[in-house]
Amino acid sequence: VTSSIVYQMADDTSPVLFYSDPKFSHTMQQRLTCNSADAEMFLRTFNTQPQCARLRIIGRSGPAADIRGLIRGLRFRELAWYARQRLCTILAMRRSRRDTRLPSWESIMFDVSLDLTPFVTGDGRLESLSDGTRLEQHLCAQNPLEVLILSKQVEWPCWEDIATNVRQRLRALGFPGEVEVRLEAREEVLVYRNLAWQNFVRSRITQALVLISLVGTIFWIPYLWLRMKTVRIESRFRISLDPARYWEHLP
């Protein structure tokens, strides 16, 4: 009886054919819906510009310095950096008094992200013809448990030049540790079919009922393993910003 009620609640009579669920996304996405099985309309709805594109700079303190080597090499700037970092670590440890162990020299010293979202352009072209074929097949598929993952990748040619300049600039300022620069510009949208059976299967109430039913679990898990299918397509966006000009505006 409970399953029948849950199934009736899962039956959505709206004209929506496909929808995305922000709960299964790592970015702050809105719930998107599409009323058409047309490929162009589908992409216009879900293949919007990514909401997360950033240049991430992570600075890690290197291994313990060879103090004698720094002195002999007259590398007083690096020596001062290590001494200041070690002093700050000891003072922080004494204030907290929670852990008597000295932290590792491999700890993260800073983690900065530069937002690139305003510079993302393009309408999200599909990466290849095979992506378009998979999309058409998915729109016409009869399997209600087939879902689609739309992976959006933002390209920025020659962004490695910015990474090199950042490392050199920090080294010139006296930072002796390791600097990692990443271009984090990928976003994925998970699209579901608005069908009663699909909504019923994904319902948390249904999953809870299956877990408390040992007999139901024996048949449910193999069924999902056989019927659930994921289709992945990829699209490409670009960052319309010259790396040299971008570097000039950085402080």
# chains A, B, ... in the order shown; residues from 1 in each chain; ligands from 1

call {"tool": "residues_around", "arguments": {"residues": "A:Val6", "least_positions_apart": "6", "cutoff": "10 Å", "atoms": "only C-alpha atoms", "output": "list in words"}}
result
Ala196, Asn199, Phe200, Val201, Ser203, Arg204, Ile205 and Thr206 of chain A

call {"tool": "residues_around", "arguments": {"residues": "stretch 222-229 of chain A", "least_positions_apart": "2", "cutoff": "8 Å", "atoms": "only C-alpha atoms", "output": "VMD selection string"}}
result
chain A and resid 143 145 to 147 218 to 220 231

call {"tool": "atom_distance", "arguments": {"atom1": "atom CA of A:Val120", "atom2": "atom CA of A:Val189"}}
result
17.3 Å

call {"tool": "select_by_dssp", "arguments": {"residues": "stretch 202-246 of chain A", "states": "strand (DSSP E or B)", "output": "VMD selection string"}}
result
chain A and resid 229 to 239

call {"tool": "write_last_selection", "arguments": {"atoms": "N, CA and C atoms", "output": "compact mmCIF listing (two decimals), in the first residue's frame"}}
result
# COMPACT_ATOMS: atom_id res chain seq x y z
N LYS A 229 21.27 2.99 -16.68
CA LYS A 229 22.28 3.27 -17.69
C LYS A 229 22.59 4.76 -17.69
N THR A 230 23.85 5.08 -17.89
CA THR A 230 24.29 6.47 -17.92
C THR A 230 24.92 6.78 -19.27
N VAL A 231 24.45 7.84 -19.89
CA VAL A 231 24.98 8.31 -21.17
C VAL A 231 25.73 9.62 -20.90
N ARG A 232 26.93 9.72 -21.42
CA ARG A 232 27.75 10.92 -21.20
C ARG A 232 28.05 11.61 -22.52
N ILE A 233 27.81 12.91 -22.55
CA ILE A 233 28.20 13.73 -23.69
C ILE A 233 28.99 14.93 -23.15
N GLU A 234 29.84 15.49 -24.00
CA GLU A 234 30.71 16.58 -23.58
C GLU A 234 30.55 17.78 -24.51
N SER A 235 30.60 18.95 -23.90
CA SER A 235 30.55 20.20 -24.65
C SER A 235 31.73 21.07 -24.27
N ARG A 236 32.05 22.04 -25.13
CA ARG A 236 33.22 22.88 -24.94
C ARG A 236 32.84 24.35 -24.95
N PHE A 237 33.37 25.08 -23.98
CA PHE A 237 33.28 26.53 -23.92
C PHE A 237 34.71 27.08 -23.95
N ARG A 238 34.82 28.38 -24.09
CA ARG A 238 36.13 29.03 -24.14
C ARG A 238 36.15 30.24 -23.22
N ILE A 239 37.36 30.62 -22.84
CA ILE A 239 37.57 31.85 -22.09
C ILE A 239 38.17 32.86 -23.04

call {"tool": "residues_around", "arguments": {"residues": "A:Thr48", "least_positions_apart": "4", "cutoff": "8 Å", "atoms": "only C-alpha atoms", "output": "list of chain:residue names"}}
result
A:Leu43, A:Arg44, A:Asp123, A:Gly124

call {"tool": "write_last_selection", "arguments": {"atoms": "N, CA and C atoms", "output": "short mmCIF file (atom, residue, chain, number, x, y, z; two decimals), in the first residue's frame"}}
result
data_model
loop_
_atom_site.label_atom_id
_atom_site.label_comp_id
_atom_site.auth_asym_id
_atom_site.auth_seq_id
_atom_site.Cartn_x
_atom_site.Cartn_y
_atom_site.Cartn_z
N LEU A 43 19.68 21.12 -25.54
CA LEU A 43 20.97 21.77 -25.29
C LEU A 43 20.79 23.21 -24.87
N ARG A 44 19.80 23.88 -25.42
CA ARG A 44 19.56 25.27 -25.04
C ARG A 44 19.18 25.37 -23.57
N ASP A 123 28.58 29.02 -27.05
CA ASP A 123 27.28 28.40 -26.84
C ASP A 123 27.41 26.93 -26.51
N GLY A 124 28.60 26.45 -26.20
CA GLY A 124 28.78 25.08 -25.77
C GLY A 124 28.67 24.08 -26.90
#

call {"tool": "atom_distance", "arguments": {"atom1": "atom CA of A:Arg134", "atom2": "atom CA of A:Asp38"}}
result
13.3 Å

call {"tool": "residues_around", "arguments": {"residues": "A:Val181", "least_positions_apart": "4", "cutoff": "9 Å", "atoms": "only C-alpha atoms", "output": "VMD selection string"}}
result
chain A and resid 55 to 59 160 162 to 164 166 to 167

call {"tool": "write_last_selection", "arguments": {"atoms": "all heavy atoms", "output": "mmCIF file, in the first residue's frame"}}
result
data_model
loop_
_atom_site.group_PDB
_atom_site.id
_atom_site.type_symbol
_atom_site.label_atom_id
_atom_site.label_comp_id
_atom_site.auth_asym_id
_atom_site.auth_seq_id
_atom_site.Cartn_x
_atom_site.Cartn_y
_atom_site.Cartn_z
ATOM 1 N N LEU A 55 40.904 29.912 -11.660
ATOM 2 C CA LEU A 55 42.324 29.584 -11.642
ATOM 3 C C LEU A 55 42.722 29.462 -10.177
ATOM 4 O O LEU A 55 42.698 30.452 -9.442
ATOM 5 C CB LEU A 55 43.138 30.668 -12.341
ATOM 6 C CG LEU A 55 44.598 30.331 -12.634
ATOM 7 C CD1 LEU A 55 44.682 29.235 -13.701
ATOM 8 C CD2 LEU A 55 45.345 31.568 -13.105
ATOM 9 N N ARG A 56 43.050 28.271 -9.772
ATOM 10 C CA ARG A 56 43.326 28.002 -8.366
ATOM 11 C C ARG A 56 44.823 27.928 -8.127
ATOM 12 O O ARG A 56 45.546 27.211 -8.837
ATOM 13 C CB ARG A 56 42.658 26.697 -7.939
ATOM 14 C CG ARG A 56 42.726 26.410 -6.442
ATOM 15 C CD ARG A 56 41.942 25.164 -6.116
ATOM 16 N NE ARG A 56 42.033 24.818 -4.708
ATOM 17 C CZ ARG A 56 41.516 23.707 -4.179
ATOM 18 N NH1 ARG A 56 40.880 22.852 -4.963
ATOM 19 N NH2 ARG A 56 41.645 23.455 -2.888
ATOM 20 N N ILE A 57 45.289 28.655 -7.113
ATOM 21 C CA ILE A 57 46.713 28.716 -6.781
ATOM 22 C C ILE A 57 46.885 28.186 -5.363
ATOM 23 O O ILE A 57 46.326 28.739 -4.413
ATOM 24 C CB ILE A 57 47.239 30.157 -6.885
ATOM 25 C CG1 ILE A 57 46.927 30.735 -8.272
ATOM 26 C CG2 ILE A 57 48.734 30.204 -6.609
ATOM 27 C CD1 ILE A 57 47.254 32.202 -8.393
ATOM 28 N N ILE A 58 47.652 27.126 -5.228
ATOM 29 C CA ILE A 58 47.869 26.480 -3.933
ATOM 30 C C ILE A 58 49.357 26.529 -3.610
ATOM 31 O O ILE A 58 50.190 26.095 -4.412
ATOM 32 C CB ILE A 58 47.388 25.020 -3.944
ATOM 33 C CG1 ILE A 58 45.908 24.956 -4.346
ATOM 34 C CG2 ILE A 58 47.582 24.376 -2.577
ATOM 35 C CD1 ILE A 58 45.407 23.536 -4.523
ATOM 36 N N GLY A 59 49.666 27.069 -2.461
ATOM 37 C CA GLY A 59 51.048 27.131 -2.012
ATOM 38 C C GLY A 59 51.287 26.190 -0.847
ATOM 39 O O GLY A 59 50.575 26.245 0.155
ATOM 40 N N GLU A 160 48.746 27.962 -19.290
ATOM 41 C CA GLU A 160 49.959 27.533 -18.607
ATOM 42 C C GLU A 160 50.969 28.680 -18.470
ATOM 43 O O GLU A 160 51.811 28.672 -17.561
ATOM 44 C CB GLU A 160 50.602 26.363 -19.352
ATOM 45 C CG GLU A 160 49.798 25.077 -19.324
ATOM 46 C CD GLU A 160 48.792 25.012 -20.461
ATOM 47 O OE1 GLU A 160 48.652 26.039 -21.171
ATOM 48 O OE2 GLU A 160 48.161 23.963 -20.644
ATOM 49 N N ILE A 162 50.228 31.714 -17.637
ATOM 50 C CA ILE A 162 49.857 32.373 -16.385
ATOM 51 C C ILE A 162 50.408 31.584 -15.205
ATOM 52 O O ILE A 162 50.929 32.156 -14.235
ATOM 53 C CB ILE A 162 48.334 32.521 -16.281
ATOM 54 C CG1 ILE A 162 47.798 33.474 -17.346
ATOM 55 C CG2 ILE A 162 47.933 33.002 -14.892
ATOM 56 C CD1 ILE A 162 48.167 34.909 -17.118
ATOM 57 N N ALA A 163 50.293 30.263 -15.268
ATOM 58 C CA ALA A 163 50.797 29.426 -14.180
ATOM 59 C C ALA A 163 52.301 29.615 -13.990
ATOM 60 O O ALA A 163 52.795 29.726 -12.858
ATOM 61 C CB ALA A 163 50.471 27.966 -14.465
ATOM 62 N N THR A 164 53.027 29.678 -15.091
ATOM 63 C CA THR A 164 54.472 29.880 -15.001
ATOM 64 C C THR A 164 54.801 31.242 -14.394
ATOM 65 O O THR A 164 55.695 31.364 -13.542
ATOM 66 C CB THR A 164 55.102 29.759 -16.398
ATOM 67 O OG1 THR A 164 54.816 28.468 -16.933
ATOM 68 C CG2 THR A 164 56.605 29.950 -16.324
ATOM 69 N N VAL A 166 52.958 32.984 -12.352
ATOM 70 C CA VAL A 166 52.606 32.990 -10.934
ATOM 71 C C VAL A 166 53.715 32.353 -10.107
ATOM 72 O O VAL A 166 54.115 32.890 -9.064
ATOM 73 C CB VAL A 166 51.269 32.244 -10.724
ATOM 74 C CG1 VAL A 166 51.029 31.987 -9.237
ATOM 75 C CG2 VAL A 166 50.111 33.043 -11.301
ATOM 76 N N ARG A 167 54.222 31.235 -10.566
ATOM 77 C CA ARG A 167 55.300 30.564 -9.830
ATOM 78 C C ARG A 167 56.546 31.443 -9.762
ATOM 79 O O ARG A 167 57.188 31.561 -8.709
ATOM 80 C CB ARG A 167 55.630 29.227 -10.494
ATOM 81 C CG ARG A 167 54.492 28.209 -10.463
ATOM 82 C CD ARG A 167 54.948 26.869 -10.969
ATOM 83 N NE ARG A 167 53.858 25.911 -11.052
ATOM 84 C CZ ARG A 167 53.164 25.660 -12.158
ATOM 85 N NH1 ARG A 167 53.476 26.295 -13.289
ATOM 86 N NH2 ARG A 167 52.177 24.794 -12.159
#

call {"tool": "closest_residue", "arguments": {"among": "A:Ser213, A:Ser4, A:Thr121, A:Asn165", "to": "A:Ala244", "atoms": "only C-alpha atoms"}}
result
A:Asn165

call {"tool": "residues_around", "arguments": {"residues": "A:Pro144", "least_positions_apart": "5", "cutoff": "7 Å", "atoms": "only C-alpha atoms", "output": "ChimeraX atom specification"}}
result
/A:193,195,197-198

call {"tool": "closest_residue", "arguments": {"among": "A:Gly122, A:Thr217, A:Ser113, A:Leu135", "to": "A:Met41", "atoms": "only C-alpha atoms"}}
result
A:Leu135

call {"tool": "closest_residue", "arguments": {"among": "A:Leu17, A:Ser130, A:Asn47, A:Ser3", "to": "A:Cys34", "atoms": "only C-alpha atoms"}}
result
A:Leu17
